[in-house]
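Undergrad: What follows is work-v6.tsv, TSV, C-alpha atoms and all ligand atoms.
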chain	number	residue	atom	x	y	z
A	17	MET	CA	0.00	0.00	0.00
A	18	LYS	CA	2.80	2.40	0.89
A	19	LYS	CA	4.61	1.80	-2.43
A	20	LEU	CA	1.41	2.37	-4.37
A	21	LEU	CA	0.55	5.54	-2.44
A	22	LYS	CA	4.06	6.88	-2.99
A	23	LYS	CA	3.80	6.50	-6.77
A	24	LEU	CA	0.36	8.10	-6.79
A	25	SER	CA	1.28	10.99	-4.49
A	26	ASN	CA	4.44	11.93	-6.38
A	27	ALA	CA	2.67	11.90	-9.77
A	28	PRO	CA	1.52	15.32	-11.02
A	29	GLY	CA	-2.22	15.77	-11.67
A	30	VAL	CA	-3.47	19.34	-11.47
A	31	SER	CA	-7.18	19.51	-12.35
A	32	GLY	CA	-7.58	19.01	-16.11
A	33	PHE	CA	-4.11	17.46	-16.36
A	34	GLU	CA	-4.66	14.11	-14.67
A	35	ASP	CA	-2.90	12.08	-17.39
A	36	GLU	CA	-0.03	10.64	-15.33
A	37	VAL	CA	-2.29	9.60	-12.46
A	38	ARG	CA	-4.73	8.03	-14.90
A	39	GLU	CA	-1.91	6.07	-16.56
A	40	LEU	CA	-0.71	4.82	-13.17
A	41	ILE	CA	-4.19	3.60	-12.22
A	42	PHE	CA	-4.61	2.01	-15.65
A	43	LYS	CA	-1.34	0.07	-15.30
A	44	GLU	CA	-2.18	-1.05	-11.77
A	45	LEU	CA	-5.64	-2.35	-12.73
A	46	ASP	CA	-4.81	-3.86	-16.12
A	47	GLY	CA	-5.48	-7.60	-15.84
A	48	PHE	CA	-7.41	-7.28	-12.55
A	49	VAL	CA	-10.70	-5.99	-14.04
A	50	ASP	CA	-12.85	-6.94	-17.03
A	51	GLU	CA	-12.68	-3.61	-18.86
A	52	ILE	CA	-11.08	-0.17	-18.55
A	53	LYS	CA	-12.41	2.80	-20.50
A	54	ILE	CA	-11.42	6.45	-20.64
A	55	ASP	CA	-14.43	8.67	-21.32
A	56	GLU	CA	-14.69	12.02	-23.13
A	57	MET	CA	-13.98	14.02	-19.95
A	58	GLY	CA	-10.90	11.95	-19.15
A	59	ASN	CA	-12.42	9.86	-16.35
A	60	LEU	CA	-11.02	6.34	-16.01
A	61	ILE	CA	-13.81	3.76	-15.65
A	62	ALA	CA	-12.70	0.26	-14.60
A	63	ILE	CA	-15.40	-2.38	-14.64
A	64	LYS	CA	-15.37	-5.64	-12.70
A	65	ASN	CA	-18.35	-7.76	-13.69
A	66	GLY	CA	-20.58	-9.42	-11.12
A	67	LYS	CA	-23.58	-11.65	-11.72
A	68	PRO	CA	-25.93	-10.58	-14.56
A	69	GLU	CA	-28.79	-10.02	-12.08
A	70	GLY	CA	-26.50	-8.11	-9.67
A	71	LYS	CA	-26.61	-4.39	-8.85
A	72	LYS	CA	-24.36	-1.67	-10.30
A	73	ILE	CA	-22.12	-0.02	-7.71
A	74	MET	CA	-19.99	3.01	-8.50
A	75	LEU	CA	-16.83	3.83	-6.52
A	76	ALA	CA	-15.41	7.27	-7.27
A	77	ALA	CA	-12.00	8.66	-6.35
A	78	HIS	CA	-10.85	11.95	-7.83
A	79	MET	CA	-7.48	11.84	-9.56
A	80	ASP	CA	-6.85	15.59	-9.65
A	81	GLU	CA	-4.98	17.73	-7.14
A	82	ILE	CA	-4.94	21.46	-6.47
A	83	GLY	CA	-2.15	23.37	-8.18
A	84	LEU	CA	-1.14	26.42	-10.18
A	85	MET	CA	-1.14	27.42	-13.85
A	86	VAL	CA	0.95	29.77	-15.99
A	87	ARG	CA	-1.22	32.89	-16.58
A	88	TYR	CA	1.23	35.50	-17.89
A	89	ILE	CA	4.92	35.90	-18.67
A	90	ASP	CA	6.31	39.36	-17.87
A	91	GLU	CA	8.88	41.31	-19.92
A	92	LYS	CA	11.75	40.07	-17.73
A	93	GLY	CA	10.73	36.42	-18.09
A	94	PHE	CA	9.05	35.91	-14.70
A	95	ILE	CA	5.83	33.86	-14.52
A	96	LYS	CA	2.52	35.08	-13.10
A	97	PHE	CA	0.20	32.25	-12.16
A	98	SER	CA	-3.43	31.39	-11.36
A	99	LYS	CA	-4.54	29.09	-8.58
A	100	ILE	CA	-6.43	25.93	-9.56
A	101	GLY	CA	-8.57	24.76	-6.63
A	102	GLY	CA	-8.68	25.83	-2.99
A	103	ILE	CA	-5.21	27.17	-2.08
A	104	ASN	CA	-4.24	29.37	0.85
A	105	ASP	CA	-1.78	32.02	-0.41
A	106	GLN	CA	0.32	31.69	2.74
A	107	MET	CA	1.58	28.24	1.74
A	108	LEU	CA	2.89	29.36	-1.67
A	109	LEU	CA	5.69	31.75	-0.88
A	110	ASN	CA	9.21	30.39	-1.48
A	111	GLN	CA	8.05	27.00	-2.71
A	112	ASP	CA	10.09	24.90	-5.06
A	113	VAL	CA	7.94	24.15	-8.14
A	114	TYR	CA	8.06	22.65	-11.62
A	115	ILE	CA	6.09	23.53	-14.71
A	116	GLN	CA	4.89	20.67	-16.93
A	117	THR	CA	5.48	21.43	-20.60
A	118	PRO	CA	5.31	19.31	-23.78
A	119	ASN	CA	9.13	19.42	-23.83
A	120	GLY	CA	9.55	18.23	-20.26
A	121	ASP	CA	9.47	19.74	-16.78
A	122	VAL	CA	10.88	23.22	-16.14
A	123	ASN	CA	12.12	24.05	-12.65
A	124	GLY	CA	11.01	27.20	-10.88
A	125	VAL	CA	10.96	28.91	-7.50
A	126	ILE	CA	8.36	31.26	-6.08
A	127	GLY	CA	10.63	34.09	-5.00
A	128	SER	CA	10.22	36.95	-2.55
A	129	LYS	CA	12.03	40.04	-1.32
A	130	PRO	CA	14.67	39.15	1.33
A	131	PRO	CA	13.64	39.98	4.91
A	132	HIS	CA	16.46	42.56	5.15
A	133	LYS	CA	14.66	44.76	2.66
A	134	MET	CA	11.17	44.39	4.16
A	135	LYS	CA	9.53	47.07	6.23
A	136	LYS	CA	8.13	45.89	9.57
A	137	SER	CA	4.58	46.20	8.22
A	138	GLU	CA	5.50	44.05	5.18
A	139	LYS	CA	6.98	41.28	7.32
A	140	ASN	CA	3.73	40.79	9.23
A	141	LYS	CA	1.49	40.78	6.16
A	142	VAL	CA	0.23	37.77	4.23
A	143	PHE	CA	1.62	38.09	0.75
A	144	GLU	CA	-1.11	37.59	-1.87
A	145	TYR	CA	-0.54	35.10	-4.69
A	146	ASP	CA	-1.02	37.68	-7.45
A	147	LYS	CA	1.94	39.65	-6.07
A	148	MET	CA	4.19	36.56	-6.36
A	149	SER	CA	6.16	35.47	-9.43
A	150	ILE	CA	7.88	32.25	-10.44
A	151	ASP	CA	11.53	32.54	-11.40
A	152	ILE	CA	12.45	29.93	-14.03
A	153	GLY	CA	15.90	31.37	-14.64
A	154	ALA	CA	14.91	32.98	-17.95
A	155	GLU	CA	16.67	36.18	-19.00
A	156	SER	CA	13.83	37.62	-21.05
A	157	ARG	CA	10.17	37.14	-21.96
A	158	LYS	CA	11.30	35.63	-25.25
A	159	GLN	CA	13.52	33.08	-23.52
A	160	ALA	CA	10.78	32.22	-20.99
A	161	GLN	CA	8.27	31.75	-23.83
A	162	GLU	CA	10.61	29.19	-25.36
A	163	MET	CA	10.55	27.28	-22.04
A	164	VAL	CA	6.90	27.45	-20.90
A	165	ARG	CA	3.51	28.42	-22.33
A	166	VAL	CA	0.46	30.12	-20.91
A	167	GLY	CA	-1.81	27.31	-19.65
A	168	ASP	CA	0.95	24.94	-18.52
A	169	PRO	CA	0.23	23.38	-15.09
A	170	ILE	CA	2.55	24.04	-12.15
A	171	ILE	CA	3.23	21.53	-9.36
A	172	ILE	CA	4.77	22.16	-5.95
A	173	LYS	CA	7.71	19.79	-5.42
A	174	GLN	CA	7.33	17.61	-2.36
A	175	GLU	CA	8.41	14.00	-2.13
A	176	PHE	CA	6.37	11.32	-0.40
A	177	ASP	CA	8.06	10.02	2.74
A	178	ASP	CA	7.59	8.40	6.15
A	179	LEU	CA	6.65	10.45	9.17
A	180	GLY	CA	7.16	8.53	12.38
A	181	LYS	CA	6.12	4.88	12.57
A	182	SER	CA	2.74	4.69	10.88
A	183	LEU	CA	2.26	8.06	9.19
A	184	VAL	CA	3.30	9.23	5.73
A	185	LYS	CA	3.45	12.68	4.14
A	186	GLY	CA	3.01	13.70	0.53
A	187	LYS	CA	1.96	16.50	-1.78
A	188	ALA	CA	-1.32	15.13	-3.08
A	189	LEU	CA	-2.74	12.73	-0.51
A	190	ASP	CA	-6.02	14.50	-1.33
A	191	ASN	CA	-6.90	12.39	-3.16
A	192	ARG	CA	-4.30	9.83	-4.09
A	193	VAL	CA	-5.40	8.09	-0.88
A	194	GLY	CA	-8.82	7.57	-2.53
A	195	CYS	CA	-7.11	6.38	-5.73
A	196	ALA	CA	-5.04	3.84	-3.77
A	197	VAL	CA	-8.19	2.59	-1.99
A	198	LEU	CA	-9.98	2.30	-5.34
A	199	ILE	CA	-7.13	0.24	-6.83
A	200	GLU	CA	-6.85	-2.12	-3.85
A	201	VAL	CA	-10.62	-2.66	-3.69
A	202	LEU	CA	-10.87	-3.45	-7.41
A	203	LYS	CA	-7.98	-5.90	-7.15
A	204	GLN	CA	-9.53	-7.80	-4.25
A	205	VAL	CA	-13.29	-7.39	-4.65
A	206	ASP	CA	-15.58	-10.40	-4.44
A	207	SER	CA	-19.17	-9.37	-5.10
A	208	LYS	CA	-22.28	-10.31	-7.07
A	209	ALA	CA	-22.57	-6.64	-8.00
A	210	THR	CA	-20.81	-5.16	-11.00
A	211	ILE	CA	-18.30	-2.63	-9.71
A	212	TYR	CA	-17.57	0.56	-11.65
A	213	GLY	CA	-14.35	2.02	-10.25
A	214	VAL	CA	-14.00	5.58	-11.47
A	215	GLY	CA	-10.95	7.81	-11.28
A	216	THR	CA	-12.69	11.15	-11.74
A	217	VAL	CA	-11.26	14.36	-13.20
A	218	GLN	CA	-11.63	17.97	-12.00
A	219	GLU	CA	-13.18	17.35	-8.57
A	220	GLU	CA	-11.26	20.22	-7.00
A	221	VAL	CA	-12.80	22.69	-9.44
A	222	GLY	CA	-16.47	21.68	-9.30
A	223	LEU	CA	-16.96	17.88	-9.04
A	224	LYS	CA	-17.05	17.73	-12.83
A	225	GLY	CA	-15.89	14.23	-13.76
A	226	ALA	CA	-18.12	12.63	-11.13
A	227	LYS	CA	-21.14	14.36	-12.60
A	228	THR	CA	-20.64	13.08	-16.14
A	229	SER	CA	-19.45	9.58	-15.22
A	230	ALA	CA	-22.34	8.99	-12.79
A	231	PHE	CA	-24.74	9.97	-15.57
A	232	SER	CA	-23.28	7.44	-18.00
A	233	ILE	CA	-22.95	4.60	-15.46
A	234	ASN	CA	-26.31	5.23	-13.76
A	235	PRO	CA	-25.44	3.04	-10.73
A	236	ASP	CA	-27.82	1.66	-8.08
A	237	MET	CA	-25.53	2.93	-5.33
A	238	ALA	CA	-22.31	4.92	-5.12
A	239	LEU	CA	-19.48	5.57	-2.69
A	240	ALA	CA	-17.12	8.52	-2.99
A	241	LEU	CA	-13.60	7.78	-1.70
A	242	ASP	CA	-11.73	10.84	-0.50
A	243	VAL	CA	-9.92	12.22	2.54
A	244	THR	CA	-11.37	14.39	5.27
A	245	ILE	CA	-9.93	17.02	7.59
A	246	ALA	CA	-8.22	15.76	10.74
A	247	GLY	CA	-8.56	17.98	13.79
A	248	ASP	CA	-5.91	16.27	15.92
A	249	HIS	CA	-3.06	18.77	15.58
A	250	PRO	CA	-2.25	22.24	16.91
A	251	GLY	CA	-4.05	25.14	15.27
A	252	ILE	CA	-7.44	23.47	14.92
A	253	LYS	CA	-10.11	22.70	17.52
A	254	GLU	CA	-11.23	19.11	17.92
A	255	GLU	CA	-14.86	20.23	17.73
A	256	GLU	CA	-14.19	21.82	14.32
A	257	ALA	CA	-12.90	18.52	12.89
A	258	PRO	CA	-13.34	15.56	15.26
A	259	SER	CA	-11.70	12.95	12.98
A	260	LYS	CA	-8.31	11.73	14.13
A	261	LEU	CA	-5.50	9.85	12.43
A	262	GLY	CA	-5.31	6.16	13.31
A	263	GLN	CA	-8.92	5.72	14.40
A	264	GLY	CA	-10.31	4.23	11.20
A	265	PRO	CA	-12.05	5.61	8.14
A	266	THR	CA	-14.49	8.45	8.59
A	267	ILE	CA	-18.02	7.78	7.39
A	268	VAL	CA	-19.41	11.15	6.33
A	269	LEU	CA	-23.03	11.68	7.34
A	270	VAL	CA	-23.35	15.31	6.25
A	271	ASP	CA	-20.94	17.71	4.57
A	272	ALA	CA	-21.03	21.45	3.78
A	273	SER	CA	-23.78	21.79	6.45
A	274	GLY	CA	-26.09	19.72	4.25
A	275	ASP	CA	-25.48	21.77	1.10
A	276	GLY	CA	-23.16	18.99	-0.07
A	277	ILE	CA	-24.46	15.57	0.81
A	278	ILE	CA	-26.78	14.15	3.43
A	279	THR	CA	-25.91	10.50	3.24
A	280	HIS	CA	-28.79	8.31	2.05
A	281	PRO	CA	-30.30	6.43	5.03
A	282	THR	CA	-29.94	3.02	3.35
A	283	VAL	CA	-26.26	3.64	2.64
A	284	LYS	CA	-25.65	4.97	6.15
A	285	LYS	CA	-27.29	1.89	7.69
A	286	LEU	CA	-25.32	-0.44	5.45
A	287	LEU	CA	-21.93	1.19	6.16
A	288	LEU	CA	-22.46	1.32	9.93
A	289	SER	CA	-23.80	-2.22	10.23
A	290	VAL	CA	-20.97	-3.70	8.16
A	291	ALA	CA	-18.31	-1.78	10.11
A	292	GLN	CA	-19.80	-3.04	13.38
A	293	GLU	CA	-20.22	-6.66	12.21
A	294	GLU	CA	-16.67	-6.80	10.88
A	295	ASN	CA	-15.18	-4.96	13.84
A	296	ILE	CA	-13.62	-2.30	11.64
A	297	PRO	CA	-12.90	0.93	13.53
A	298	TYR	CA	-14.69	3.97	12.09
A	299	GLN	CA	-15.48	7.59	12.88
A	300	LEU	CA	-18.53	9.66	12.03
A	301	GLU	CA	-18.54	13.15	10.62
A	302	VAL	CA	-21.00	15.99	10.19
A	303	SER	CA	-18.98	18.75	8.57
A	304	GLU	CA	-19.71	22.35	7.75
A	305	GLY	CA	-17.14	23.02	5.04
A	306	GLY	CA	-15.86	21.14	2.01
A	307	THR	CA	-17.53	18.49	-0.10
A	308	THR	CA	-16.73	15.55	-2.40
A	309	ASP	CA	-17.70	13.81	-5.63
A	310	GLY	CA	-20.55	12.22	-3.63
A	311	THR	CA	-22.43	15.51	-3.89
A	312	ALA	CA	-22.48	15.46	-7.69
A	313	ILE	CA	-23.16	11.73	-7.91
A	314	HIS	CA	-26.19	11.62	-5.60
A	315	LEU	CA	-27.99	14.29	-7.62
A	316	THR	CA	-27.58	12.47	-10.91
A	317	ARG	CA	-30.65	11.51	-12.95
A	318	GLN	CA	-33.47	10.59	-10.54
A	319	GLY	CA	-31.07	10.46	-7.55
A	320	ILE	CA	-28.52	7.83	-6.55
A	321	PRO	CA	-28.12	6.55	-2.95
A	322	THR	CA	-24.58	7.65	-2.12
A	323	GLY	CA	-22.14	7.62	0.79
A	324	VAL	CA	-18.67	9.05	1.41
A	325	ILE	CA	-15.81	7.19	3.10
A	326	SER	CA	-12.72	9.26	3.87
A	327	PRO	CA	-9.67	8.53	6.02
A	328	ALA	CA	-8.63	11.65	7.93
A	329	SER	CA	-5.68	13.70	6.67
A	330	ARG	CA	-3.79	16.46	8.41
A	331	TYR	CA	-2.97	19.64	6.45
A	332	ILE	CA	-5.06	18.87	3.36
A	333	HIS	CA	-4.75	21.24	0.42
A	334	THR	CA	-1.08	21.82	1.27
A	335	PRO	CA	1.96	20.01	-0.15
A	336	VAL	CA	2.59	18.39	3.23
A	337	SER	CA	-0.58	16.41	3.86
A	338	VAL	CA	-0.22	13.57	6.37
A	339	VAL	CA	-2.18	10.31	6.70
A	340	ASN	CA	-2.06	7.06	8.64
A	341	LEU	CA	-1.55	3.91	6.53
A	342	GLU	CA	-3.62	1.76	8.86
A	343	ASP	CA	-6.65	4.00	8.25
A	344	ILE	CA	-6.28	3.36	4.54
A	345	GLU	CA	-6.06	-0.42	5.05
A	346	ASN	CA	-9.21	-0.26	7.19
A	347	THR	CA	-10.98	1.77	4.51
A	348	VAL	CA	-10.22	-0.95	1.96
A	349	LYS	CA	-11.47	-3.61	4.41
A	350	LEU	CA	-14.71	-1.75	5.05
A	351	ILE	CA	-15.50	-1.24	1.36
A	352	LEU	CA	-14.70	-4.88	0.49
A	353	ALA	CA	-17.02	-6.05	3.26
A	354	VAL	CA	-19.77	-3.68	2.08
A	355	LEU	CA	-19.48	-4.89	-1.52
A	356	LYS	CA	-19.71	-8.50	-0.39
A	357	LYS	CA	-23.24	-7.75	0.89
A	358	PHE	CA	-24.65	-7.38	-2.63
B	1	ZN	ZN	-10.47	15.54	-2.26
Rewrite the structure from the file as structure tokens, please.
TA:
Amino acid sequence: MKKLLKKLSNAPGVSGFEDEVRELIFKELDGFVDEIKIDEMGNLIAIKNGKPEGKKIMLAAHMDEIGLMVRYIDEKGFIKFSKIGGINDQMLLNQDVYIQTPNGDVNGVIGSKPPHKMKKSEKNKVFEYDKMSIDIGAESRKQAQEMVRVGDPIIIKQEFDDLGKSLVKGKALDNRVGCAVLIEVLKQVDSKATIYGVGTVQEEVGLKGAKTSAFSINPDMALALDVTIAGDHPGIKEEEAPSKLGQGPTIVLVDASGDGIITHPTVKKLLLSVAQEENIPYQLEVSEGGTTDGTAIHLTRQGIPTGVISPASRYIHTPVSVVNLEDIENTVKLILAVLKKF
């Protein structure tokens, strides 16, 4: 699991540019499922056939990650960028980045004025992203234009690694954790239902791939696989985010104060009863902010009973997200046991 998660986390996949992640999932699943398709939007749909009379179950894990994009190249050859997805400006300053281009990756750094030259008032201020530039070492606009193009995606460099005994850190654990769960479940699943495992595109910018793939699959039930916010570290109150690392997958009951999903009662009952029967640790969540692919899926066609299962992650939407591997193993266990019920 750790090896798989490492490959997935290190791969670049800014929304709309999920190609490398999709290829990784394709390679992992090839030979383990009955069919793999890539649809018009770029979603990967892996199908594992069950019995002809069985139900259709959709599992969705978004492949994309938040990132940046080249917006403008100034006359000196510095890059102005746009944010893709929910990014806090404070985490961007002085990051090491690379820009993906058709001719290969181009290194860059998000520079800033040295502290020596800052006024006291400047030092205490949050620097906004549109005041930052990426230095790619170009000497002119012309030279920079030969290296990168407007529209190229930009990734923050951060290698996957261990953190203590059972934790790992990586740049895109939201949602390569869900992708790893999806892969492991499809490899091991034993069910009468036909399983549609979907790696969705563009979740971070409006749940887009989930919307179109759920429409084409039209499943009887769906589960979104993602990560949720852990509240077990300094700087956040436990009551704001009660999920903790190492205490099992979080079963989401409500997200975005009900504007996102209110988990279908049948799905809720099924998930809780299976977790209890199988003695799999789990946590429950009613959250006020953030949502997942489950929101788009459950409003498809005439409505699709949908649930969300998300291991907790510290520091999501930063390049240093942290998860517990045991939580991921327990997520796989829970989903396999649920699918066996069909
Ligand atoms: Zn996510």
Undergrad: Residues within 12 Å of ligand ZN 1 (chain B) (only C-alpha atoms and all ligand atoms), as a VMD selection string?
TA: chain A and resid 31 76 to 82 101 to 102 188 to 195 215 to 223 240 to 245 306 to 310 324 to 329 332 to 334 337
Undergrad: Between A:Lys349, A:Lys181, A:Lys133, A:Lys72, single out the one closest to Gln204 in chain A, counting all atoms listed in the file.
TA: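 Checking each candidate against Gln204 in chain A, we get A:Lys349 as the closest.
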Undergrad: So what do you get for CA of Ile89 in chain A versus CA of Phe33 in chain A, distance-wise?
TA: 20.7 Å
Undergrad: Taking all atoms of range 148-153 of chain A that the file lists, what box with edges along x, y and z, padded by 3 Å per side, do you get, with centre and edge lengths in Å to one decimal, as lines of an AutoDock Vina configuration file?
TA:
center_x = 10.0
center_y = 33.2
center_z = -10.5
size_x = 17.7
size_y = 12.6
size_z = 14.3
Undergrad: At a cut-off of 9 Å from (-21.8, -2.7, 6.8) in the coordinates of the file, what residues are picked up using all atoms listed in the file, written as a PyMOL selection string?
TA: chain A and resi 283-294+350-351+353-355+357
Undergrad: Using all atoms listed in the file, which of the listed residues (A:Asn65, A:Thr117, A:Asn104, A:Thr316) sits closest to Gly83 in chain A?
TA: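 Of A:Asn65, A:Thr117, A:Asn104, A:Thr316, the one nearest Gly83 in chain A is A:Asn104, counting all atoms listed in the file.
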Undergrad: What gap, in Å, lies between CA of Lys141 in chain A and CA of Ala154 in chain A?
TA: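 Interatomic distance here is 28.7 Å.
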Undergrad: Excluding same-chain residues fewer than 3 positions from Ile320 in chain A, what lies within 12 Å of it counting all atoms listed in the file, as a ChimeraX atom specification?
TA: /A:72-74,227,230-231,233-240,277-283,310-317,323
Undergrad: Rank nothing, just name the residue among A:Ala226, A:Phe94, A:Leu300, A:Glu255 nearest to Glu155 in chain A, using all atoms listed in the file.
TA: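 Among A:Ala226, A:Phe94, A:Leu300, A:Glu255, it is A:Phe94 that comes nearest to Glu155 in chain A.
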Undergrad: Write out as number ranges by chain which residues come within 9 Å of range 43-57 of chain A when counting only C-alpha atoms, dropping same-chain ones fewer than 2 positions away.
TA: A: 20, 32, 38-41, 59-65, 199-200, 202-204, 216-217, 224-225, 228-229
Undergrad: Closest to Asn123 in chain A among A:Val166, A:Ile252, A:Ile172, A:Met148, using all atoms listed in the file?
TA: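 Nearest to Asn123 in chain A: A:Ile172.
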Undergrad: What does the distance from CA of Asn110 in chain A to CA of Ser128 in chain A come to in Å, to one decimal?
TA: 6.7 Å
Undergrad: Pick from A:Ile267, A:Val338, A:Val184, A:Val214: nearest to Phe42 in chain A, with only C-alpha atoms counted?
TA: A:Val214
Undergrad: Need to verify the contact set: Ala160 in chain A, 12 Å, only C-alpha atoms, exclusion of same-chain residues closer than 2 positions in sequence. Can you return it as a list of chain:residue names?
TA: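 Residues near the query, excluding close chain neighbours: A:Val86, A:Tyr88, A:Ile89, A:Asp90, A:Glu91, A:Lys92, A:Gly93, A:Phe94, A:Ile95, A:Lys96, A:Ile115, A:Val122, A:Asn123, A:Gly124, A:Ile150, A:Asp151, A:Ile152, A:Gly153, A:Ala154, A:Glu155, A:Ser156, A:Arg157, A:Lys158, A:Glu162, A:Met163, A:Val164, A:Arg165, A:Val166.
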